[in-house]
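Student: Pasting input27.cif below, which is mmCIF, C-alpha atoms.
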```
data_coords
loop_
_atom_site.label_atom_id
_atom_site.label_comp_id
_atom_site.auth_asym_id
_atom_site.auth_seq_id
_atom_site.Cartn_x
_atom_site.Cartn_y
_atom_site.Cartn_z
CA MET L 837 -0.25 -43.16 -6.38
CA GLU L 838 -3.40 -41.62 -7.76
CA MET L 839 -2.93 -38.68 -5.42
CA MET L 840 0.56 -38.11 -6.78
CA VAL L 841 -0.70 -38.02 -10.36
CA ASP L 842 -3.42 -35.58 -9.32
CA GLN L 843 -0.84 -33.35 -7.67
CA GLN L 844 1.38 -33.36 -10.73
CA GLU L 845 -1.55 -32.52 -12.96
CA GLU L 846 -2.54 -29.68 -10.69
CA GLN L 847 1.04 -28.40 -10.70
CA ARG L 848 1.16 -28.52 -14.47
CA ALA L 849 -2.15 -26.71 -14.75
CA ARG L 850 -0.88 -24.01 -12.42
CA GLN L 851 2.33 -23.68 -14.38
CA LYS L 852 0.33 -23.34 -17.58
CA ARG L 853 -1.77 -20.57 -16.06
CA ARG L 854 1.37 -18.77 -14.87
CA ASN L 855 2.94 -19.06 -18.31
CA ARG L 856 -0.16 -17.66 -19.97
CA ALA L 857 -0.25 -14.74 -17.53
CA LEU L 858 3.43 -14.09 -18.23
CA LEU L 859 2.76 -14.13 -21.96
CA ALA L 860 -0.02 -11.59 -21.48
CA VAL L 861 2.30 -9.39 -19.38
CA LEU L 862 5.04 -9.58 -22.03
CA ILE L 863 2.65 -8.69 -24.86
CA GLY L 864 1.33 -5.85 -22.70
CA MET L 865 4.87 -4.60 -22.16
CA VAL L 866 5.63 -4.65 -25.87
CA ALA L 867 2.47 -2.61 -26.51
CA LEU L 868 3.31 -0.27 -23.62
CA PHE L 869 6.85 0.46 -24.84
CA TYR L 870 5.60 0.92 -28.38
CA VAL L 871 3.03 3.51 -27.24
CA ILE L 872 5.57 5.24 -24.95
CA THR L 873 8.03 5.50 -27.85
CA ILE L 874 5.43 7.00 -30.18
CA VAL L 875 4.33 9.51 -27.53
CA ARG L 876 7.88 10.52 -26.57
CA MET L 877 8.86 10.96 -30.21
CA GLY L 878 5.82 13.17 -30.71
CA PHE L 879 6.84 15.31 -27.74
CA ASN L 880 10.30 15.96 -29.16
CA GLU L 881 9.13 17.10 -32.56
CA MET H 1437 9.73 -46.31 4.03
CA SER H 1438 8.02 -47.91 1.04
CA ASN H 1439 8.67 -46.70 -2.48
CA LYS H 1440 5.23 -45.20 -2.68
CA THR H 1441 5.68 -43.12 0.46
CA ALA H 1442 9.11 -41.96 -0.71
CA ASN H 1443 7.63 -40.81 -4.00
CA MET H 1444 4.86 -38.93 -2.24
CA THR H 1445 7.35 -37.21 0.06
CA MET H 1446 9.48 -36.17 -2.87
CA THR H 1447 6.48 -34.77 -4.68
CA ALA H 1448 5.48 -32.77 -1.63
CA ALA H 1449 9.00 -31.37 -1.34
CA VAL H 1450 9.02 -30.16 -4.93
CA PRO H 1451 7.95 -26.49 -4.92
CA ALA H 1452 4.55 -26.51 -6.50
CA GLY H 1453 4.70 -22.84 -7.50
CA GLY H 1454 1.80 -20.55 -6.82
CA ASP H 1455 -1.14 -19.80 -9.00
CA VAL H 1456 -1.56 -16.48 -10.82
CA ALA H 1457 -3.93 -15.33 -8.07
CA ASP H 1458 -1.22 -15.95 -5.46
CA TYR H 1459 1.18 -13.65 -7.27
CA ILE H 1460 -1.52 -11.01 -7.52
CA ALA H 1461 -2.12 -11.38 -3.75
CA LEU H 1462 1.60 -10.70 -3.18
CA LEU H 1463 1.01 -7.22 -4.60
CA LYS H 1464 -1.48 -6.36 -1.80
CA PRO H 1465 -4.16 -5.14 -4.25
CA ARG H 1466 -6.27 -3.45 -1.58
CA VAL H 1467 -3.39 -1.30 -0.36
CA MET H 1468 -2.49 -0.66 -3.98
CA SER H 1469 -5.92 0.78 -4.78
CA LEU H 1470 -5.50 3.60 -2.24
CA VAL H 1471 -1.93 4.19 -3.42
CA VAL H 1472 -3.11 4.44 -7.04
CA PHE H 1473 -5.90 6.80 -6.12
CA THR H 1474 -3.71 9.19 -4.11
CA ALA H 1475 -1.00 9.06 -6.80
CA MET H 1476 -3.58 9.96 -9.44
CA ALA H 1477 -4.68 12.85 -7.26
CA GLY H 1478 -1.06 14.06 -7.08
CA LEU H 1479 -0.78 13.86 -10.87
CA TYR H 1480 -4.03 15.70 -11.41
CA LEU H 1481 -3.44 18.42 -8.84
CA ALA H 1482 0.09 19.25 -9.98
CA PRO H 1483 0.41 22.37 -12.10
CA GLY H 1484 1.49 21.83 -15.69
CA THR H 1485 0.57 19.30 -18.30
CA ILE H 1486 1.45 15.70 -18.90
CA HIS H 1487 0.52 13.54 -21.87
CA PRO H 1488 -2.33 11.22 -20.83
CA VAL H 1489 -0.38 8.12 -21.89
CA ILE H 1490 2.63 9.21 -19.83
CA ALA H 1491 0.29 9.89 -16.89
CA ILE H 1492 -1.07 6.33 -17.18
CA VAL H 1493 2.50 4.98 -17.31
CA ALA H 1494 3.36 7.00 -14.17
CA VAL H 1495 0.35 5.58 -12.30
CA LEU H 1496 1.22 2.07 -13.51
CA CYS H 1497 4.79 2.47 -12.25
CA ILE H 1498 3.61 3.71 -8.87
CA ALA H 1499 1.13 0.81 -8.63
CA VAL H 1500 3.78 -1.75 -9.60
CA GLY H 1501 6.28 -0.16 -7.20
CA ALA H 1502 3.74 -0.37 -4.36
CA GLY H 1503 2.99 -3.98 -5.28
CA ALA H 1504 6.70 -4.76 -5.32
CA SER H 1505 7.07 -3.35 -1.80
CA GLY H 1506 4.15 -5.55 -0.71
CA ALA H 1507 5.76 -8.68 -2.16
CA ILE H 1508 9.13 -7.98 -0.51
CA ASN H 1509 7.31 -7.23 2.75
CA MET H 1510 5.51 -10.59 2.54
CA TRP H 1511 8.84 -12.33 1.96
CA TYR H 1512 10.43 -10.68 5.00
CA ASP H 1513 7.43 -10.95 7.31
CA ARG H 1514 6.50 -14.55 6.49
CA ASP H 1515 7.29 -15.70 10.05
CA ILE H 1516 4.98 -13.21 11.75
CA ASP H 1517 2.37 -13.37 8.97
CA SER H 1518 1.87 -17.06 9.67
CA VAL H 1519 1.03 -16.29 13.31
CA MET H 1520 -1.52 -13.53 12.75
CA ALA H 1521 -5.09 -14.42 11.74
CA ARG H 1522 -5.32 -11.43 9.36
CA THR H 1523 -2.23 -12.48 7.39
CA ALA H 1524 -2.04 -16.26 7.89
CA GLU H 1525 -3.80 -16.89 4.58
CA ARG H 1526 -1.19 -15.00 2.56
CA PRO H 1527 0.53 -17.06 -0.16
CA VAL H 1528 3.98 -17.26 1.47
CA PRO H 1529 2.96 -18.39 4.98
CA LYS H 1530 0.46 -20.77 3.35
CA GLY H 1531 3.30 -22.31 1.35
CA ARG H 1532 1.73 -21.59 -2.03
CA VAL H 1533 4.60 -19.34 -3.09
CA GLU H 1534 8.22 -20.01 -2.15
CA PRO H 1535 9.77 -17.18 -0.06
CA GLY H 1536 12.57 -16.77 -2.60
CA ALA H 1537 10.06 -16.50 -5.44
CA ALA H 1538 8.18 -13.75 -3.59
CA LEU H 1539 11.44 -11.86 -3.02
CA GLY H 1540 12.55 -12.24 -6.64
CA PHE H 1541 9.12 -11.19 -7.87
CA GLY H 1542 9.20 -8.08 -5.66
CA VAL H 1543 12.76 -7.05 -6.54
CA ALA H 1544 12.15 -7.52 -10.28
CA LEU H 1545 8.96 -5.44 -10.15
CA ALA H 1546 10.64 -2.73 -8.06
CA ALA H 1547 13.50 -2.44 -10.55
CA TRP H 1548 11.06 -2.45 -13.48
CA SER H 1549 8.85 0.27 -11.98
CA VAL H 1550 11.75 2.61 -11.20
CA MET H 1551 13.45 2.11 -14.57
CA VAL H 1552 10.27 2.64 -16.59
CA MET H 1553 9.33 5.67 -14.49
CA GLY H 1554 12.75 7.16 -15.20
CA ILE H 1555 12.94 6.36 -18.89
CA ALA H 1556 9.34 7.14 -19.83
CA VAL H 1557 8.23 9.75 -17.30
CA ASP H 1558 10.76 11.63 -15.18
CA TRP H 1559 13.94 10.72 -13.32
CA ALA H 1560 13.08 12.85 -10.26
CA ALA H 1561 9.80 10.92 -9.95
CA ALA H 1562 11.75 7.67 -10.44
CA ALA H 1563 14.19 8.62 -7.68
CA LEU H 1564 11.30 9.42 -5.35
CA LEU H 1565 9.62 6.11 -6.22
CA ALA H 1566 12.87 4.22 -5.52
CA PHE H 1567 13.17 6.05 -2.20
CA THR H 1568 9.55 5.15 -1.33
CA ILE H 1569 10.11 1.45 -2.02
CA ALA H 1570 13.41 1.46 -0.11
CA PHE H 1571 11.81 3.30 2.81
CA TYR H 1572 8.96 0.78 3.05
CA VAL H 1573 11.25 -2.24 2.79
CA PHE H 1574 14.30 -1.18 4.79
CA VAL H 1575 13.07 1.48 7.19
CA TYR H 1576 9.55 0.21 7.95
CA THR H 1577 9.59 -3.54 7.34
CA MET H 1578 13.11 -4.46 8.36
CA TRP H 1579 14.01 -1.81 10.89
CA LEU H 1580 11.03 -0.26 12.66
CA LYS H 1581 8.14 -2.72 12.49
CA ARG H 1582 9.49 -5.21 15.03
CA ARG H 1583 11.39 -2.72 17.18
CA THR H 1584 9.26 0.25 18.17
CA PRO H 1585 5.62 1.21 18.73
CA GLN H 1586 6.43 4.25 16.58
CA ASN H 1587 6.75 1.83 13.62
CA ILE H 1588 3.69 3.02 11.77
CA VAL H 1589 4.19 6.68 12.69
CA ILE H 1590 7.54 6.87 10.89
CA GLY H 1591 6.87 4.00 8.51
CA GLY H 1592 3.66 5.72 7.48
CA ALA H 1593 5.80 8.04 5.38
CA ALA H 1594 6.14 5.23 2.83
CA GLY H 1595 2.39 5.27 2.24
CA ALA H 1596 2.39 9.05 2.11
CA PHE H 1597 4.86 9.39 -0.75
CA PRO H 1598 2.67 8.26 -3.71
CA PRO H 1599 0.92 11.63 -4.28
CA MET H 1600 4.36 13.28 -4.16
CA VAL H 1601 5.62 10.82 -6.75
CA GLY H 1602 2.56 11.54 -8.92
CA TRP H 1603 3.15 15.27 -8.50
CA ALA H 1604 6.84 14.92 -9.39
CA ALA H 1605 5.88 12.96 -12.52
CA VAL H 1606 4.28 16.19 -13.81
CA THR H 1607 6.54 18.89 -12.41
CA GLY H 1608 9.81 17.03 -11.88
CA ASP H 1609 10.13 18.47 -8.39
CA ILE H 1610 8.80 18.70 -4.85
CA SER H 1611 6.73 21.69 -3.75
CA LEU H 1612 4.87 22.91 -0.66
CA SER H 1613 1.60 21.60 -2.11
CA SER H 1614 2.95 18.10 -2.66
CA ILE H 1615 4.41 18.15 0.86
CA VAL H 1616 0.92 19.02 2.15
CA LEU H 1617 -0.51 15.97 0.35
CA PHE H 1618 2.24 13.91 1.98
CA ALA H 1619 1.48 15.40 5.40
CA ILE H 1620 -2.21 14.50 5.16
CA ILE H 1621 -1.52 10.79 4.63
CA PHE H 1622 1.37 10.86 7.11
CA MET H 1623 -0.88 12.23 9.86
CA TRP H 1624 -3.76 9.93 8.86
CA THR H 1625 -1.75 6.71 9.11
CA PRO H 1626 -1.34 6.42 12.92
CA PRO H 1627 -5.04 6.71 13.88
CA HIS H 1628 -5.91 4.46 10.91
CA PHE H 1629 -3.57 1.66 11.97
CA TRP H 1630 -4.04 2.03 15.71
CA ALA H 1631 -7.81 1.70 15.29
CA LEU H 1632 -7.09 -1.64 13.62
CA ALA H 1633 -4.46 -2.58 16.21
CA LEU H 1634 -6.98 -2.01 19.01
CA TYR H 1635 -9.13 -4.92 17.89
CA ARG H 1636 -6.24 -7.00 16.54
CA LYS H 1637 -4.10 -6.55 19.63
CA GLY H 1638 -3.97 -10.27 20.38
CA ASP H 1639 -2.64 -10.98 16.90
CA TYR H 1640 0.20 -8.48 17.22
CA GLU H 1641 0.98 -9.74 20.72
CA LYS H 1642 1.23 -13.30 19.47
CA ALA H 1643 3.52 -12.24 16.61
CA GLY H 1644 5.68 -10.08 18.89
CA VAL H 1645 5.05 -6.90 16.90
CA PRO H 1646 5.33 -3.96 19.32
CA MET H 1647 2.22 -2.12 18.19
CA LEU H 1648 1.15 0.69 20.50
CA PRO H 1649 -1.73 -1.20 22.22
CA VAL H 1650 0.64 -4.09 22.97
CA VAL H 1651 3.41 -1.92 24.39
CA ALA H 1652 1.63 1.09 25.88
CA GLY H 1653 -1.83 -0.35 26.48
CA ILE H 1654 -5.32 0.28 25.18
CA ARG H 1655 -5.86 3.52 27.11
CA GLU H 1656 -2.70 5.20 25.80
CA THR H 1657 -3.45 4.05 22.24
CA LYS H 1658 -6.91 5.60 22.45
CA ARG H 1659 -5.40 8.83 23.72
CA GLN H 1660 -2.94 8.85 20.82
CA ILE H 1661 -5.74 8.18 18.31
CA VAL H 1662 -7.61 11.25 19.59
CA PHE H 1663 -4.40 13.30 19.51
CA TYR H 1664 -3.56 12.41 15.91
CA SER H 1665 -7.13 12.75 14.65
CA VAL H 1666 -7.32 16.26 16.17
CA LEU H 1667 -4.05 17.17 14.43
CA LEU H 1668 -5.43 15.73 11.21
CA VAL H 1669 -8.26 18.30 11.09
CA PRO H 1670 -6.09 21.37 10.29
CA ILE H 1671 -3.70 19.32 8.17
CA GLY H 1672 -6.62 17.99 6.13
CA MET H 1673 -7.68 21.61 5.60
CA ALA H 1674 -4.14 22.77 4.80
CA PRO H 1675 -4.66 22.76 1.00
CA THR H 1676 -7.08 25.65 1.57
CA PHE H 1677 -4.71 27.47 3.92
CA ILE H 1678 -1.88 27.44 1.38
CA GLY H 1679 -4.16 28.51 -1.48
CA MET H 1680 -4.03 25.20 -3.27
CA SER H 1681 -7.77 24.57 -2.88
CA SER H 1682 -10.87 26.69 -2.31
CA TRP H 1683 -12.70 27.34 0.95
CA VAL H 1684 -15.37 24.85 -0.22
CA PHE H 1685 -12.76 22.13 0.03
CA GLY H 1686 -11.72 23.53 3.41
CA VAL H 1687 -15.27 23.13 4.70
CA VAL H 1688 -15.54 19.56 3.36
CA ALA H 1689 -12.16 18.67 4.87
CA GLY H 1690 -13.17 20.28 8.17
CA VAL H 1691 -16.42 18.30 8.35
CA LEU H 1692 -14.68 15.02 7.48
CA GLY H 1693 -12.01 15.78 10.06
CA MET H 1694 -14.60 16.49 12.76
CA ILE H 1695 -16.31 13.15 12.05
CA PHE H 1696 -12.93 11.47 12.46
CA VAL H 1697 -12.39 13.27 15.76
CA GLY H 1698 -15.93 12.35 16.88
CA LEU H 1699 -15.27 8.68 16.18
CA SER H 1700 -11.93 8.75 17.95
CA ILE H 1701 -13.60 10.26 21.03
CA ALA H 1702 -16.19 7.48 20.82
CA ILE H 1703 -13.30 4.98 20.79
CA TYR H 1704 -11.83 6.68 23.84
CA ARG H 1705 -15.09 6.33 25.73
CA GLU H 1706 -16.11 2.82 24.69
CA GLN H 1707 -15.32 -0.39 26.52
CA GLY H 1708 -15.48 -2.78 23.58
CA ASP H 1709 -14.12 -2.37 20.07
CA ARG H 1710 -17.20 -1.37 18.08
CA TYR H 1711 -16.06 2.18 17.36
CA ALA H 1712 -12.50 1.05 16.73
CA ARG H 1713 -13.85 -1.04 13.84
CA HIS H 1714 -16.04 1.85 12.66
CA THR H 1715 -13.09 4.23 12.78
CA PHE H 1716 -10.85 1.91 10.81
CA ALA H 1717 -13.50 1.63 8.09
CA PHE H 1718 -14.21 5.37 8.18
CA SER H 1719 -10.52 6.27 8.00
CA ILE H 1720 -10.29 4.63 4.57
CA LEU H 1721 -13.41 6.46 3.44
CA TYR H 1722 -11.99 9.70 4.90
CA LEU H 1723 -8.83 9.54 2.82
CA PHE H 1724 -10.75 8.57 -0.30
CA LEU H 1725 -13.27 11.41 0.13
CA LEU H 1726 -10.63 13.98 1.01
CA PHE H 1727 -8.60 13.28 -2.13
CA ALA H 1728 -11.79 13.05 -4.20
CA ALA H 1729 -12.75 16.48 -2.85
CA LEU H 1730 -9.33 17.88 -3.79
CA ILE H 1731 -9.78 16.56 -7.33
CA ALA H 1732 -13.39 17.81 -7.56
CA ASP H 1733 -12.35 21.22 -6.24
CA LYS H 1734 -9.88 21.65 -9.08
CA ALA H 1735 -12.15 20.01 -11.68
CA VAL H 1736 -15.10 22.28 -10.88
CA GLY H 1737 -12.77 25.24 -11.07
CA PHE H 1738 -13.12 26.59 -7.55
CA THR H 1739 -9.37 26.93 -7.66
CA ALA H 1740 -7.16 27.82 -10.58
#
```
Give the structure from the file, written as structure tokens.

Tutor:
Amino acid sequence: MEMMVDQQEEQRARQKRRNRALLAVLIGMVALFYVITIVRMGFNE
Amino acid sequence: MSNKTANMTMTAAVPAGGDVADYIALLKPRVMSLVVFTAMAGLYLAPGTIHPVIAIVAVLCIAVGAGASGAINMWYDRDIDSVMARTAERPVPKGRVEPGAALGFGVALAAWSVMVMGIAVDWAAAALLAFTIAFYVFVYTMWLKRRTPQNIVIGGAAGAFPPMVGWAAVTGDISLSSIVLFAIIFMWTPPHFWALALYRKGDYEKAGVPMLPVVAGIRETKRQIVFYSVLLVPIGMAPTFIGMSSWVFGVVAGVLGMIFVGLSIAIYREQGDRYARHTFAFSILYLFLLFAALIADKAVGFTA
């Protein structure tokens, strides 16, 4: 029983780490598209 | 079956989902580093200008595209990966990432890399990147790898495209110079992989992958390594011959090429696998130094 609880905790911890990484990727993408937009607009002036 | 056992079994059957590190491993970071480097060289060597931010986006797209190919490859090859010592620890054969998750991850990244390359950088470069990913997945992984000892000769083209993609990101086209960069990596791939296959022959045999040493034997593989490394000498020097780089680069490329040939002759003569290991390690250094020399040659201003 104890092993099962441990496993679930480990799974949750892993999921949390994945979610945080995904959040970082999403924020990075927002920043990336923002910078790309600024640069491309500058090019077309 | 007691309740407790049933619960445990159910828990084990629930996909645990990999850790962040497992998903990074799916991208084959070590392969990616060489891809990124050669793509950067293509970007730098191409005539014309590109905004630094757009150049970084292009490199990012190429890196993500290469990683995507790696993830799809690990999904497809999970059966043979589990048999080979070199690949048995990968996340899919180890059960840390579900096969479907690896495939989805790879396809999503591939689509992302091509779209962003097209929208932000250049559609010709995006088309070339899409072709590269498709070539690696469909032509190399699914078609050639398990069918012919020429798998890495033809499949090597996939690894040779990144500098062309980098080049196209700047110029929007393909030129003789970018084809020369392609040819260098294309010709380099067979001796590089066969040196590895010589001392991993048992692994490939076990997995049923028809690598040259398995199908044609050690002797023939060694002969082919010498043959390709000799051909690599003039091709490595080709940037000088076509006026892309200076004679200084030509000398550096010639020396590096001769070391490669020397090592391949040592492989041919040896009984064990000491020089095969040395050659595999040197081949990576060779490609790195050759592209570094191309960059330095232009940076120093030996060539216009």

Student: Tell me, in Å to one decimal, how far atom CA of H:Ala1494 is from atom CA of H:Asp1455.

Tutor: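 Between atom CA of H:Ala1494 and atom CA of H:Asp1455 the gap is 27.7 Å.
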
Student: Between L:Leu859, L:Gly864, L:Glu845, L:Ile872, which has the minimum distance to chain H (counting only C-alpha atoms)?

Tutor: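 When distances to chain H are compared using only C-alpha atoms, the smallest one comes from L:Ile872.
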
Student: Nearest to H:Thr1657 among H:Met1673, H:Ile1615, H:Ala1631, H:Leu1481, with distances taken over all atoms listed in the file: which residue is it?

Tutor: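 With all atoms listed in the file as the atom set, the closest residue is H:Ala1631.
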
Student: Can you tell me which residues surround stretch 1567-1580 of chain H at a distance of at most 12 Å, considering all atoms listed in the file, apart from same-chain residues fewer than 4 positions away, and format the answer as a PyMOL selection string?

Tutor: chain H and resi 1471+1497-1514+1516+1539+1542-1543+1545-1547+1549-1550+1560-1563+1584-1601+1618+1645-1647

Student: Using only C-alpha atoms, find the residues of chain L whose closest atom to chain H is at most 7 Å away, then write them as a ChimeraX atom specification.

Tutor: /L:837,840,847,850,853-854,872

Student: Can you spell out as a PyMOL selection string the set of residues that the PyMOL selection byres ((chain H and resi 1663) around 12) selects in the structure I just provided?

Tutor: chain H and resi 1623-1624+1626-1627+1630+1656-1662+1664-1669+1696-1698+1700-1701+1704

Student: Write a file of the selected residues as a PDB file, in the coordinates of the input, keeping C-alpha atoms.

Tutor:
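Okay, this is what ended up in part-v3.pdb:
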```
ATOM      1  CA  MET H1623      -0.880  12.230   9.860  1.00  0.00           C
ATOM      2  CA  TRP H1624      -3.760   9.930   8.860  1.00  0.00           C
ATOM      3  CA  PRO H1626      -1.340   6.420  12.920  1.00  0.00           C
ATOM      4  CA  PRO H1627      -5.040   6.710  13.880  1.00  0.00           C
ATOM      5  CA  TRP H1630      -4.040   2.030  15.710  1.00  0.00           C
ATOM      6  CA  GLU H1656      -2.700   5.200  25.800  1.00  0.00           C
ATOM      7  CA  THR H1657      -3.450   4.050  22.240  1.00  0.00           C
ATOM      8  CA  LYS H1658      -6.910   5.600  22.450  1.00  0.00           C
ATOM      9  CA  ARG H1659      -5.400   8.830  23.720  1.00  0.00           C
ATOM     10  CA  GLN H1660      -2.940   8.850  20.820  1.00  0.00           C
ATOM     11  CA  ILE H1661      -5.740   8.180  18.310  1.00  0.00           C
ATOM     12  CA  VAL H1662      -7.610  11.250  19.590  1.00  0.00           C
ATOM     13  CA  TYR H1664      -3.560  12.410  15.910  1.00  0.00           C
ATOM     14  CA  SER H1665      -7.130  12.750  14.650  1.00  0.00           C
ATOM     15  CA  VAL H1666      -7.320  16.260  16.170  1.00  0.00           C
ATOM     16  CA  LEU H1667      -4.050  17.170  14.430  1.00  0.00           C
ATOM     17  CA  LEU H1668      -5.430  15.730  11.210  1.00  0.00           C
ATOM     18  CA  VAL H1669      -8.260  18.300  11.090  1.00  0.00           C
ATOM     19  CA  PHE H1696     -12.930  11.470  12.460  1.00  0.00           C
ATOM     20  CA  VAL H1697     -12.390  13.270  15.760  1.00  0.00           C
ATOM     21  CA  GLY H1698     -15.930  12.350  16.880  1.00  0.00           C
ATOM     22  CA  SER H1700     -11.930   8.750  17.950  1.00  0.00           C
ATOM     23  CA  ILE H1701     -13.600  10.260  21.030  1.00  0.00           C
ATOM     24  CA  TYR H1704     -11.830   6.680  23.840  1.00  0.00           C
TER      25      TYR H1704
END
```
